[in-house]
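Shown next: coords31.txt, given as compact mmCIF, C-alpha atoms and all ligand atoms.
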# COMPACT_ATOMS: atom_id res chain seq x y z
CA MET H 26 -28.73 10.92 3.04
CA SER H 27 -30.04 9.14 -0.02
CA ARG H 28 -32.97 6.87 -0.76
CA PHE H 29 -30.45 4.67 -2.55
CA TRP H 30 -28.67 3.81 0.70
CA SER H 31 -29.20 0.41 2.25
CA PRO H 32 -30.99 0.29 5.65
CA LEU H 33 -27.63 -0.67 7.19
CA THR H 34 -25.98 2.49 5.81
CA HIS H 35 -28.77 4.67 7.22
CA GLY H 36 -28.09 3.21 10.68
CA LEU H 37 -24.28 3.71 10.74
CA LYS H 38 -22.56 6.21 13.04
CA PRO H 39 -19.09 6.42 11.49
CA TYR H 40 -15.90 7.05 13.45
CA VAL H 41 -14.65 10.64 13.19
CA PRO H 42 -10.84 10.73 12.90
CA GLY H 43 -8.85 13.66 14.30
CA GLU H 44 -8.57 16.48 11.79
CA GLN H 45 -5.69 16.55 9.29
CA PRO H 46 -5.60 20.19 8.17
CA ARG H 47 -2.97 21.32 5.66
CA LEU H 48 -1.90 24.49 7.37
CA PRO H 49 1.77 25.41 7.57
CA ASP H 50 3.35 25.71 11.00
CA LEU H 51 0.55 23.85 12.73
CA VAL H 52 1.53 21.76 15.76
CA LYS H 53 -0.41 18.50 15.45
CA LEU H 54 -0.88 16.90 18.85
CA ASN H 55 -4.30 15.44 18.03
CA THR H 56 -3.88 12.04 16.31
CA ASN H 57 -1.00 10.35 18.18
CA GLU H 58 1.30 10.40 15.18
CA SER H 59 5.01 10.07 15.92
CA PRO H 60 7.18 13.20 15.93
CA MET H 61 10.04 10.90 14.83
CA GLY H 62 10.36 9.92 11.20
CA PRO H 63 9.97 6.30 10.10
CA SER H 64 13.04 4.10 9.91
CA PRO H 65 15.29 5.26 7.03
CA ARG H 66 15.57 1.55 6.14
CA ALA H 67 11.81 1.40 5.70
CA LEU H 68 11.84 4.44 3.43
CA GLU H 69 14.67 2.91 1.39
CA ALA H 70 12.79 -0.40 1.08
CA ILE H 71 9.64 1.42 -0.07
CA ARG H 72 11.64 3.31 -2.68
CA ALA H 73 13.31 0.09 -3.85
CA GLU H 74 9.89 -1.54 -4.25
CA THR H 75 8.60 1.38 -6.33
CA ASN H 76 9.32 -0.09 -9.73
CA GLU H 77 7.84 -2.01 -12.63
CA SER H 78 6.79 -4.86 -10.32
CA LEU H 79 3.88 -2.70 -9.15
CA ARG H 80 1.95 -3.95 -12.20
CA LEU H 81 1.78 -7.31 -10.38
CA TYR H 82 -0.47 -8.07 -7.43
CA PRO H 83 1.33 -8.35 -4.09
CA ASP H 84 1.66 -11.59 -2.12
CA PRO H 85 -1.91 -12.01 -0.77
CA GLN H 86 -0.58 -13.71 2.40
CA SER H 87 2.19 -11.14 3.04
CA THR H 88 4.36 -14.15 3.83
CA VAL H 89 7.70 -12.38 4.22
CA LEU H 90 6.20 -9.78 6.55
CA ARG H 91 4.40 -12.43 8.60
CA GLN H 92 7.66 -14.42 8.86
CA ALA H 93 9.50 -11.29 10.02
CA LEU H 94 6.83 -10.58 12.65
CA ALA H 95 6.81 -14.23 13.78
CA ALA H 96 10.59 -14.18 14.26
CA TYR H 97 10.44 -10.81 16.02
CA HIS H 98 7.81 -11.93 18.52
CA GLY H 99 8.98 -15.53 18.88
CA VAL H 100 5.78 -17.12 17.54
CA ALA H 101 4.92 -19.31 14.55
CA VAL H 102 4.00 -17.75 11.22
CA GLU H 103 0.55 -19.39 11.51
CA GLN H 104 0.02 -17.26 14.62
CA VAL H 105 0.40 -13.97 12.70
CA PHE H 106 -2.22 -12.06 10.71
CA VAL H 107 -1.57 -8.76 8.90
CA GLY H 108 -3.96 -6.13 7.61
CA ASN H 109 -4.34 -2.65 6.18
CA GLY H 110 -3.77 -0.83 9.46
CA SER H 111 -4.90 -2.29 12.75
CA ASP H 112 -8.31 -0.71 12.19
CA GLU H 113 -8.81 -3.26 9.43
CA VAL H 114 -7.41 -6.06 11.60
CA LEU H 115 -9.86 -5.02 14.33
CA ALA H 116 -12.74 -4.96 11.84
CA HIS H 117 -11.93 -8.53 10.82
CA ALA H 118 -11.67 -9.53 14.50
CA PHE H 119 -15.12 -8.06 15.17
CA ALA H 120 -16.58 -10.04 12.26
CA ALA H 121 -14.63 -13.27 12.82
CA LEU H 122 -14.44 -13.50 16.62
CA LEU H 123 -16.38 -10.84 18.53
CA ASN H 124 -19.77 -11.35 16.85
CA GLN H 125 -21.15 -13.93 19.29
CA ASP H 126 -24.52 -14.66 20.88
CA GLY H 127 -23.79 -12.79 24.10
CA PRO H 128 -22.94 -9.07 24.24
CA LEU H 129 -19.43 -7.81 23.57
CA LEU H 130 -17.92 -6.09 26.64
CA PHE H 131 -15.55 -3.12 26.50
CA PRO H 132 -14.79 -0.14 28.77
CA ASP H 133 -17.17 2.85 28.70
CA VAL H 134 -14.18 5.05 27.94
CA THR H 135 -12.09 3.52 25.16
CA TYR H 136 -11.32 3.61 21.43
CA SER H 137 -14.46 5.05 19.88
CA PHE H 138 -14.14 2.76 16.84
CA TYR H 139 -15.41 -0.24 18.85
CA PRO H 140 -19.10 0.80 18.96
CA VAL H 141 -18.82 1.83 15.29
CA TYR H 142 -17.82 -1.72 14.31
CA CYS H 143 -20.59 -3.10 16.52
CA ARG H 144 -23.16 -1.16 14.49
CA LEU H 145 -21.58 -2.15 11.18
CA PHE H 146 -21.62 -5.85 12.09
CA GLY H 147 -24.81 -5.85 14.20
CA ILE H 148 -23.04 -6.83 17.44
CA ALA H 149 -24.82 -6.18 20.77
CA PHE H 150 -22.45 -4.61 23.29
CA GLU H 151 -22.30 -3.52 26.94
CA THR H 152 -19.86 -0.96 28.23
CA VAL H 153 -18.14 -1.48 31.58
CA PRO H 154 -17.34 1.71 33.53
CA LEU H 155 -13.71 2.54 34.32
CA ASP H 156 -13.05 3.09 38.02
CA GLU H 157 -12.47 6.57 39.52
CA GLY H 158 -8.80 6.39 38.58
CA LEU H 159 -9.82 5.78 34.94
CA ARG H 160 -8.58 2.19 35.28
CA VAL H 161 -10.03 -0.95 33.73
CA ARG H 162 -11.08 -3.24 36.59
CA ILE H 163 -10.89 -6.87 35.49
CA ALA H 164 -13.34 -8.02 38.20
CA ASP H 165 -16.08 -5.91 36.59
CA TYR H 166 -15.90 -8.12 33.48
CA ARG H 167 -17.05 -11.21 35.43
CA ARG H 168 -20.50 -11.37 33.86
CA PRO H 169 -22.16 -13.29 31.06
CA CYS H 170 -20.93 -12.09 27.68
CA GLY H 171 -20.05 -13.24 24.18
CA ALA H 172 -16.60 -11.65 23.96
CA VAL H 173 -14.34 -8.93 25.41
CA ILE H 174 -12.14 -6.25 23.84
CA VAL H 175 -9.81 -4.01 25.85
CA ALA H 176 -7.18 -1.57 24.62
CA ASN H 177 -3.97 -1.83 26.66
CA PRO H 178 -2.80 0.83 27.35
CA ASN H 179 -6.34 2.09 27.09
CA ALA H 180 -7.14 4.99 24.79
CA PRO H 181 -7.73 7.85 25.32
CA THR H 182 -6.67 7.48 28.98
CA GLY H 183 -3.15 6.07 28.52
CA VAL H 184 -3.67 3.87 31.61
CA ALA H 185 -2.27 0.33 31.34
CA LEU H 186 -3.02 -3.06 32.88
CA GLY H 187 -0.19 -5.44 33.76
CA ARG H 188 0.31 -8.76 31.98
CA ALA H 189 -0.96 -10.69 35.02
CA GLU H 190 -4.27 -8.83 34.81
CA ILE H 191 -4.61 -9.63 31.10
CA ALA H 192 -3.85 -13.28 31.91
CA ALA H 193 -6.59 -13.21 34.56
CA LEU H 194 -9.03 -11.65 32.09
CA ALA H 195 -8.28 -14.35 29.50
CA ALA H 196 -8.49 -17.12 32.14
CA GLU H 197 -11.84 -15.86 33.46
CA HIS H 198 -13.27 -15.97 29.93
CA VAL H 199 -11.91 -19.27 28.63
CA GLU H 200 -15.06 -19.86 26.58
CA THR H 201 -15.07 -16.47 24.82
CA PRO H 202 -12.65 -14.58 22.60
CA VAL H 203 -10.66 -11.83 24.34
CA VAL H 204 -9.01 -9.21 22.11
CA ILE H 205 -6.30 -6.90 23.46
CA ASP H 206 -5.66 -3.83 21.29
CA GLU H 207 -1.99 -2.99 21.86
CA ALA H 208 -1.76 0.07 19.59
CA TYR H 209 0.29 1.90 22.27
CA VAL H 210 1.94 -0.95 24.19
CA ASP H 211 5.50 -0.18 23.00
CA PHE H 212 5.44 3.16 24.81
CA GLY H 213 5.49 1.62 28.26
CA ALA H 214 3.17 -1.31 28.95
CA GLU H 215 3.59 -5.09 29.04
CA THR H 216 2.57 -6.98 25.93
CA ALA H 217 0.21 -9.96 26.24
CA ILE H 218 1.91 -11.80 23.36
CA PRO H 219 3.75 -14.24 25.71
CA LEU H 220 0.32 -15.34 26.98
CA ILE H 221 -1.06 -16.61 23.68
CA GLY H 222 0.46 -20.09 24.09
CA ASP H 223 -1.54 -20.69 27.28
CA HIS H 224 -4.68 -18.83 26.16
CA PRO H 225 -6.14 -20.00 22.84
CA ASN H 226 -8.94 -17.40 23.25
CA LEU H 227 -6.53 -14.44 23.31
CA LEU H 228 -5.85 -12.25 20.27
CA VAL H 229 -3.34 -9.37 20.48
CA VAL H 230 -3.69 -6.58 17.89
CA ARG H 231 -0.76 -4.29 17.00
CA THR H 232 0.00 -1.44 14.59
CA PHE H 233 2.97 0.13 12.80
CA SER H 234 1.19 3.51 12.96
CA LYS H 235 2.25 4.78 16.36
CA SER H 236 5.53 3.41 17.75
CA ARG H 237 6.96 2.69 14.26
CA ALA H 238 5.93 6.10 12.87
CA LEU H 239 4.30 4.57 9.78
CA ALA H 240 0.68 5.72 10.08
CA GLY H 241 0.74 6.62 6.38
CA LEU H 242 1.76 3.12 5.27
CA ARG H 243 -1.29 1.38 6.83
CA VAL H 244 0.06 -1.81 8.39
CA GLY H 245 -1.39 -3.58 11.41
CA TYR H 246 -1.24 -7.14 12.66
CA ALA H 247 -2.59 -9.64 15.13
CA ILE H 248 -0.93 -12.45 17.10
CA GLY H 249 -2.87 -15.36 18.51
CA ASP H 250 -3.59 -19.05 18.39
CA ALA H 251 -3.45 -20.42 14.82
CA ALA H 252 -7.18 -21.20 14.90
CA LEU H 253 -8.02 -17.56 15.68
CA ILE H 254 -5.72 -16.42 12.85
CA GLU H 255 -7.43 -18.85 10.50
CA GLY H 256 -10.77 -17.24 11.38
CA LEU H 257 -9.41 -13.77 10.59
CA THR H 258 -8.01 -15.05 7.30
CA ARG H 259 -11.41 -16.49 6.31
CA VAL H 260 -12.98 -13.05 6.79
CA LYS H 261 -10.11 -11.27 5.03
CA ASP H 262 -10.35 -13.58 2.03
CA SER H 263 -14.10 -12.90 1.93
CA PHE H 264 -13.45 -9.16 1.83
CA ASN H 265 -10.14 -8.20 0.17
CA SER H 266 -7.43 -10.71 -0.76
CA TYR H 267 -4.73 -8.04 -1.16
CA PRO H 268 -4.98 -5.69 1.82
CA LEU H 269 -1.28 -4.80 1.85
CA GLY H 270 0.44 -3.43 -1.23
CA ARG H 271 3.98 -4.28 -2.25
CA THR H 272 5.39 -1.07 -0.80
CA ALA H 273 3.58 -1.58 2.52
CA GLN H 274 4.89 -5.13 2.88
CA ALA H 275 8.45 -4.11 2.02
CA GLY H 276 8.43 -1.04 4.27
CA ALA H 277 7.02 -2.95 7.23
CA VAL H 278 9.62 -5.74 6.90
CA ALA H 279 12.45 -3.20 6.85
CA SER H 280 11.00 -1.35 9.85
CA ILE H 281 10.99 -4.57 11.88
CA THR H 282 14.70 -5.09 11.18
CA ASP H 283 15.65 -1.58 12.38
CA GLU H 284 15.61 -2.17 16.14
CA ALA H 285 18.08 0.66 16.86
CA HIS H 286 15.86 3.30 15.22
CA PHE H 287 12.81 1.85 16.97
CA GLN H 288 14.40 1.93 20.43
CA ALA H 289 15.82 5.42 19.91
CA GLY H 290 12.35 6.66 19.01
CA LEU H 291 10.77 5.08 22.08
CA ALA H 292 13.44 6.58 24.36
CA ALA H 293 12.97 10.04 22.85
CA ILE H 294 9.19 9.86 23.25
CA ALA H 295 9.52 8.70 26.88
CA GLY H 296 11.64 11.80 27.58
CA TRP H 297 9.19 14.13 25.84
CA ARG H 298 6.27 12.48 27.65
CA ALA H 299 7.88 13.42 30.97
CA ARG H 300 8.37 16.99 29.71
CA LEU H 301 4.72 17.16 28.61
CA SER H 302 3.37 15.61 31.84
CA ASP H 303 5.48 17.83 34.11
CA GLY H 304 4.62 20.98 32.18
CA LEU H 305 0.92 20.21 32.16
CA ALA H 306 1.03 19.68 35.93
CA ALA H 307 2.82 23.02 36.30
CA HIS H 308 -0.02 24.61 34.32
CA GLY H 309 -2.56 23.16 36.77
CA PHE H 310 -3.68 20.11 34.78
CA GLU H 311 -4.43 16.72 36.31
CA ALA H 312 -3.73 13.50 34.41
CA PRO H 313 -3.35 9.80 35.16
CA ARG H 314 0.13 8.39 34.57
CA SER H 315 0.41 7.63 30.85
CA SER H 316 1.92 4.46 29.40
CA ALA H 317 1.20 5.70 25.86
CA ASN H 318 2.38 8.48 23.51
CA PHE H 319 -0.32 10.87 24.71
CA VAL H 320 -1.46 12.38 27.99
CA PHE H 321 -5.13 12.57 29.01
CA ALA H 322 -5.42 15.76 31.02
CA ARG H 323 -8.10 17.95 32.56
CA HIS H 324 -7.87 21.42 34.04
CA PRO H 325 -10.08 21.89 37.12
CA GLY H 326 -10.60 25.57 36.34
CA HIS H 327 -11.17 25.54 32.58
CA ASP H 328 -13.65 23.94 30.19
CA ALA H 329 -11.87 21.43 27.96
CA ALA H 330 -13.71 22.31 24.73
CA GLY H 331 -12.87 25.97 25.31
CA LEU H 332 -9.21 25.16 25.94
CA ALA H 333 -9.03 23.02 22.76
CA ALA H 334 -10.48 25.90 20.73
CA ALA H 335 -8.14 28.42 22.37
CA VAL H 336 -4.96 26.44 21.71
CA ARG H 337 -6.19 25.81 18.15
CA GLU H 338 -6.41 29.58 17.59
CA ARG H 339 -2.73 29.61 18.52
CA GLY H 340 -1.84 26.92 15.99
CA VAL H 341 -1.83 23.86 18.27
CA LEU H 342 -4.23 20.95 17.72
CA VAL H 343 -5.19 18.65 20.59
CA ARG H 344 -8.05 16.13 20.70
CA HIS H 345 -11.27 16.80 22.57
CA PHE H 346 -14.02 14.18 22.74
CA ALA H 347 -17.54 15.55 23.23
CA ALA H 348 -18.60 12.34 25.01
CA PRO H 349 -19.93 11.55 28.49
CA ARG H 350 -17.31 11.28 31.27
CA VAL H 351 -14.46 12.55 29.09
CA ASP H 352 -15.71 15.90 27.80
CA GLN H 353 -13.62 17.76 30.38
CA HIS H 354 -10.40 16.07 29.25
CA LEU H 355 -7.96 16.73 26.43
CA ARG H 356 -5.93 13.99 24.79
CA ILE H 357 -2.58 15.51 23.95
CA THR H 358 -0.09 13.61 21.80
CA VAL H 359 3.54 13.56 22.94
CA GLY H 360 5.24 15.75 20.34
CA ASP H 361 8.91 16.69 20.27
CA ALA H 362 10.33 19.31 22.66
CA ALA H 363 9.67 22.24 20.30
CA GLN H 364 6.05 21.18 19.75
CA ILE H 365 5.47 20.74 23.49
CA ASP H 366 6.92 24.18 24.14
CA ARG H 367 4.55 25.67 21.53
CA LEU H 368 1.66 24.13 23.48
CA PHE H 369 3.00 25.55 26.76
CA ALA H 370 3.42 29.01 25.20
CA ALA H 371 -0.22 28.87 24.08
CA LEU H 372 -1.32 27.75 27.55
CA ASP H 373 0.70 30.57 29.17
CA GLU H 374 -1.33 33.08 27.15
CA ILE H 375 -4.68 31.37 27.72
CA LEU H 376 -4.26 30.69 31.43
CA GLY H 377 -2.56 34.03 32.01
CA ALA H 378 0.53 32.55 33.56
C1 LIG H 401 -4.50 4.38 16.39
C2 LIG H 401 -5.26 3.24 16.97
C3 LIG H 401 -5.56 2.10 16.23
C4 LIG H 401 -5.46 1.98 14.75
O1 LIG H 401 -4.38 2.33 14.13
P1 LIG H 401 -4.10 1.97 12.61
O2 LIG H 401 -3.47 3.20 12.10
O3 LIG H 401 -5.40 1.64 11.92
O4 LIG H 401 -3.20 0.81 12.68
C5 LIG H 401 -6.16 1.02 16.87
N1 LIG H 401 -6.48 1.07 18.16
C6 LIG H 401 -6.25 2.16 18.89
C7 LIG H 401 -6.64 2.14 20.33
C8 LIG H 401 -5.65 3.29 18.32
O5 LIG H 401 -5.47 4.39 19.04

For the structure just supplied, provide its representation as C-alpha cells.
Amino acid sequence: MSRFWSPLTHGLKPYVPGEQPRLPDLVKLNTNESPMGPSPRALEAIRAETNESLRLYPDPQSTVLRQALAAYHGVAVEQVFVGNGSDEVLAHAFAALLNQDGPLLFPDVTYSFYPVYCRLFGIAFETVPLDEGLRVRIADYRRPCGAVIVANPNAPTGVALGRAEIAALAAEHVETPVVIDEAYVDFGAETAIPLIGDHPNLLVVRTFSKSRALAGLRVGYAIGDAALIEGLTRVKDSFNSYPLGRTAQAGAVASITDEAHFQAGLAAIAGWRARLSDGLAAHGFEAPRSSANFVFARHPGHDAAGLAAAVRERGVLVRHFAAPRVDQHLRITVGDAAQIDRLFAALDEILGA
C-alpha cells in the first residue's frame, strides 16, 4: 500500500498463481504444467535463435508464427492473433471486445483471472451458476448482456461443452462478442475454431502452455473473424508492439511442426488421466469426468484444505481454491505415472488406507 498508487491500483485484486517453490523432489500437480518435455524441435529452434540477432527487435506481427498457426488450423493469417501467453491475449480481448455497455457473463466457477481483468478494465460482470453436475448450461446465458466468456473445457472443473453447444451460444448472442478460452481443449474436447466462419462474433483463445508443454516460453493466440483480430491488434499496438521475443516466435513455430511429439504427449496424458481418475475414485474421491489435464475432485469425508496441506507435507502440491462452491474440491494436475503414485502414497497415509 502506498499513497503514490493510483486509485485504480488501490482497487485491484490480482490473480494469485499456483505456487512455484524451488524444493527438490517436489511433485508439482498444482499449475497444470505438462509432465512431458516440450518438442525437441522447439528447443533446437530456440537454441538456434539464441545468437547475435537478439540485438534486433523481433517481428512485431510474428508473421511466420501466425502463418504457421493459420496453416495448422485452416484459417487465414488475418484470422490469427498471437500474444505473450494466452493471459495476455485474454487481457487484450477484455479491453478490445468484452468491455461493452452491458455486463460480461461468465460461469460462477471458472478461471479466476476473468474477474481480475474486469476490475483492471472497469468491466461490469455477472456470474452464471454452473448446474449441479458442474456443467455450463447454455440456456442460462439467455439474458441481456454485453459479452460472454466461457472456458471450454471449463477450469477448474475440467467439464466440456460440445461444439454444437458453443455454436448455439454464439448464435444466441449474434450482437455480442463471445470468447471461448480453449486452454485445455487439446486434452479431449471439441474446438470451436471450425465455427468462426459462420460466427463473426466468436473468438477462440489458445495457449502453448498446457498441451504443448511450453508454459515457460509464454505464447498464446486467438482465432476469429479478421475484424475481431484487428480489434485485438489495435489494443496490442497501444500497449506493447513486441510481445513475443525472437526465441518465443521460433520455438512456437517449431512446436507447431512437431505433430508426432504433440500427439504422443496427448496420448500419454490421456492414459495418466485415467490412472489418476481411477485411483482417486478408489481412494473415495468424487469427480466429474475431465476433458482436461487435471481432475477436480472432492472427498466426502475430508476437508479439502486439510487434504491439500497434508499432501503438501508429503511433498505433493495440488491446487485448492478458498472460494465459494469449490472450497471442498482439489484441482489435481495429471502428472506422469510416478508422480500420480507419489500422490496415492501420500493419500494412503492420510486416509489410513
Ligand atoms: C493456463 C490458463 C490460461 C493461460 O495460460 P498462459 O500460460 O497465459 O497461456 C488461460 N486460461 C485458462 C483457463 C488457463 O487455465

Just the residues within 7 Å of Ala67 of chain H, please, counting all atoms listed in the file, with nothing from its chain fewer than 6 positions along; format it as a list of chain:residue names.
->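 Using all atoms listed in the file, the neighbours found are H:Gly276, H:Ala277, H:Ala279, H:Ser280.
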
Return as a ChimeraX atom specification every polymer residue, whether protein, DNA or RNA, with at least one atom no more than 9 Å from an atom of ligand LIG 401 (chain H); count only C-alpha atoms and all ligand atoms.
-> /H:56-58,108-115,135-138,175-181,206-209,230-235,239-246

Select, from H:Val41, H:Leu48, H:Ile163, H:Val105, the residue with the minimum atom-to-atom distance to Arg188 of chain H, counting only C-alpha atoms.
->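 The closest residue to Arg188 of chain H is H:Ile163.
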
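Between atom CA of Val141 of chain H and atom CA of Glu197 of chain H there is a distance of 26.3 Å.
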
Give me the residues of segment 38-74 of chain H that have any atom at most 12 Å from an atom of segment 297-307 of chain H; for each, the nearest atom pair and the distance in Å, rounded to one decimal. Use all atoms listed in the file, sort by chain and number, and format it as CSV.
residue,atom,partner,partner_atom,distance
H:Leu54,CA,H:Leu301,CA,11.3
H:Ser59,CA,H:Trp297,CA,11.5
H:Pro60,CA,H:Trp297,CA,10.2
H:Met61,CA,H:Trp297,CA,11.5

Start from the incomplete input, build N, CA and C atoms for segment 262-280 of chain H, and deliver everything as a PDB file, in the coordinates of the input.
ATOM      1  N   ASP H 262     -10.247 -13.059   3.387  1.00  0.00           N
ATOM      2  CA  ASP H 262     -10.350 -13.580   2.030  1.00  0.00           C
ATOM      3  C   ASP H 262     -11.792 -13.578   1.511  1.00  0.00           C
ATOM      4  N   SER H 263     -12.724 -13.126   2.371  1.00  0.00           N
ATOM      5  CA  SER H 263     -14.100 -12.900   1.930  1.00  0.00           C
ATOM      6  C   SER H 263     -14.348 -11.413   1.708  1.00  0.00           C
ATOM      7  N   PHE H 264     -13.288 -10.620   1.860  1.00  0.00           N
ATOM      8  CA  PHE H 264     -13.450  -9.160   1.830  1.00  0.00           C
ATOM      9  C   PHE H 264     -12.472  -8.512   0.850  1.00  0.00           C
ATOM     10  N   ASN H 265     -11.181  -8.795   1.018  1.00  0.00           N
ATOM     11  CA  ASN H 265     -10.140  -8.200   0.170  1.00  0.00           C
ATOM     12  C   ASN H 265      -8.918  -9.097   0.281  1.00  0.00           C
ATOM     13  N   SER H 266      -8.549  -9.755  -0.821  1.00  0.00           N
ATOM     14  CA  SER H 266      -7.430 -10.710  -0.760  1.00  0.00           C
ATOM     15  C   SER H 266      -6.076 -10.021  -0.640  1.00  0.00           C
ATOM     16  N   TYR H 267      -6.024  -8.736  -1.061  1.00  0.00           N
ATOM     17  CA  TYR H 267      -4.730  -8.040  -1.160  1.00  0.00           C
ATOM     18  C   TYR H 267      -4.716  -6.777  -0.313  1.00  0.00           C
ATOM     19  N   PRO H 268      -4.865  -6.902   1.007  1.00  0.00           N
ATOM     20  CA  PRO H 268      -4.980  -5.690   1.820  1.00  0.00           C
ATOM     21  C   PRO H 268      -3.690  -4.871   1.897  1.00  0.00           C
ATOM     22  N   LEU H 269      -2.548  -5.524   1.752  1.00  0.00           N
ATOM     23  CA  LEU H 269      -1.280  -4.800   1.850  1.00  0.00           C
ATOM     24  C   LEU H 269      -0.588  -4.775   0.497  1.00  0.00           C
ATOM     25  N   GLY H 270      -0.287  -3.585   0.022  1.00  0.00           N
ATOM     26  CA  GLY H 270       0.440  -3.430  -1.230  1.00  0.00           C
ATOM     27  C   GLY H 270       1.894  -3.855  -1.100  1.00  0.00           C
ATOM     28  N   ARG H 271       2.561  -3.903  -2.245  1.00  0.00           N
ATOM     29  CA  ARG H 271       3.980  -4.280  -2.250  1.00  0.00           C
ATOM     30  C   ARG H 271       4.829  -3.328  -1.416  1.00  0.00           C
ATOM     31  N   THR H 272       4.568  -2.037  -1.542  1.00  0.00           N
ATOM     32  CA  THR H 272       5.390  -1.070  -0.800  1.00  0.00           C
ATOM     33  C   THR H 272       5.138  -1.202   0.709  1.00  0.00           C
ATOM     34  N   ALA H 273       3.890  -1.445   1.085  1.00  0.00           N
ATOM     35  CA  ALA H 273       3.580  -1.580   2.520  1.00  0.00           C
ATOM     36  C   ALA H 273       4.277  -2.811   3.102  1.00  0.00           C
ATOM     37  N   GLN H 274       4.235  -3.912   2.381  1.00  0.00           N
ATOM     38  CA  GLN H 274       4.890  -5.130   2.880  1.00  0.00           C
ATOM     39  C   GLN H 274       6.391  -4.910   3.013  1.00  0.00           C
ATOM     40  N   ALA H 275       6.994  -4.315   1.995  1.00  0.00           N
ATOM     41  CA  ALA H 275       8.450  -4.110   2.020  1.00  0.00           C
ATOM     42  C   ALA H 275       8.855  -3.135   3.120  1.00  0.00           C
ATOM     43  N   GLY H 276       8.104  -2.047   3.253  1.00  0.00           N
ATOM     44  CA  GLY H 276       8.430  -1.040   4.270  1.00  0.00           C
ATOM     45  C   GLY H 276       8.288  -1.601   5.675  1.00  0.00           C
ATOM     46  N   ALA H 277       7.250  -2.386   5.895  1.00  0.00           N
ATOM     47  CA  ALA H 277       7.020  -2.950   7.230  1.00  0.00           C
ATOM     48  C   ALA H 277       8.127  -3.941   7.593  1.00  0.00           C
ATOM     49  N   VAL H 278       8.535  -4.777   6.633  1.00  0.00           N
ATOM     50  CA  VAL H 278       9.620  -5.740   6.900  1.00  0.00           C
ATOM     51  C   VAL H 278      10.895  -4.989   7.300  1.00  0.00           C
ATOM     52  N   ALA H 279      11.218  -3.939   6.552  1.00  0.00           N
ATOM     53  CA  ALA H 279      12.450  -3.200   6.850  1.00  0.00           C
ATOM     54  C   ALA H 279      12.355  -2.519   8.209  1.00  0.00           C
ATOM     55  N   SER H 280      11.174  -2.005   8.541  1.00  0.00           N
ATOM     56  CA  SER H 280      11.000  -1.350   9.850  1.00  0.00           C
ATOM     57  C   SER H 280      11.283  -2.328  10.988  1.00  0.00           C
TER      58      SER H 280
END
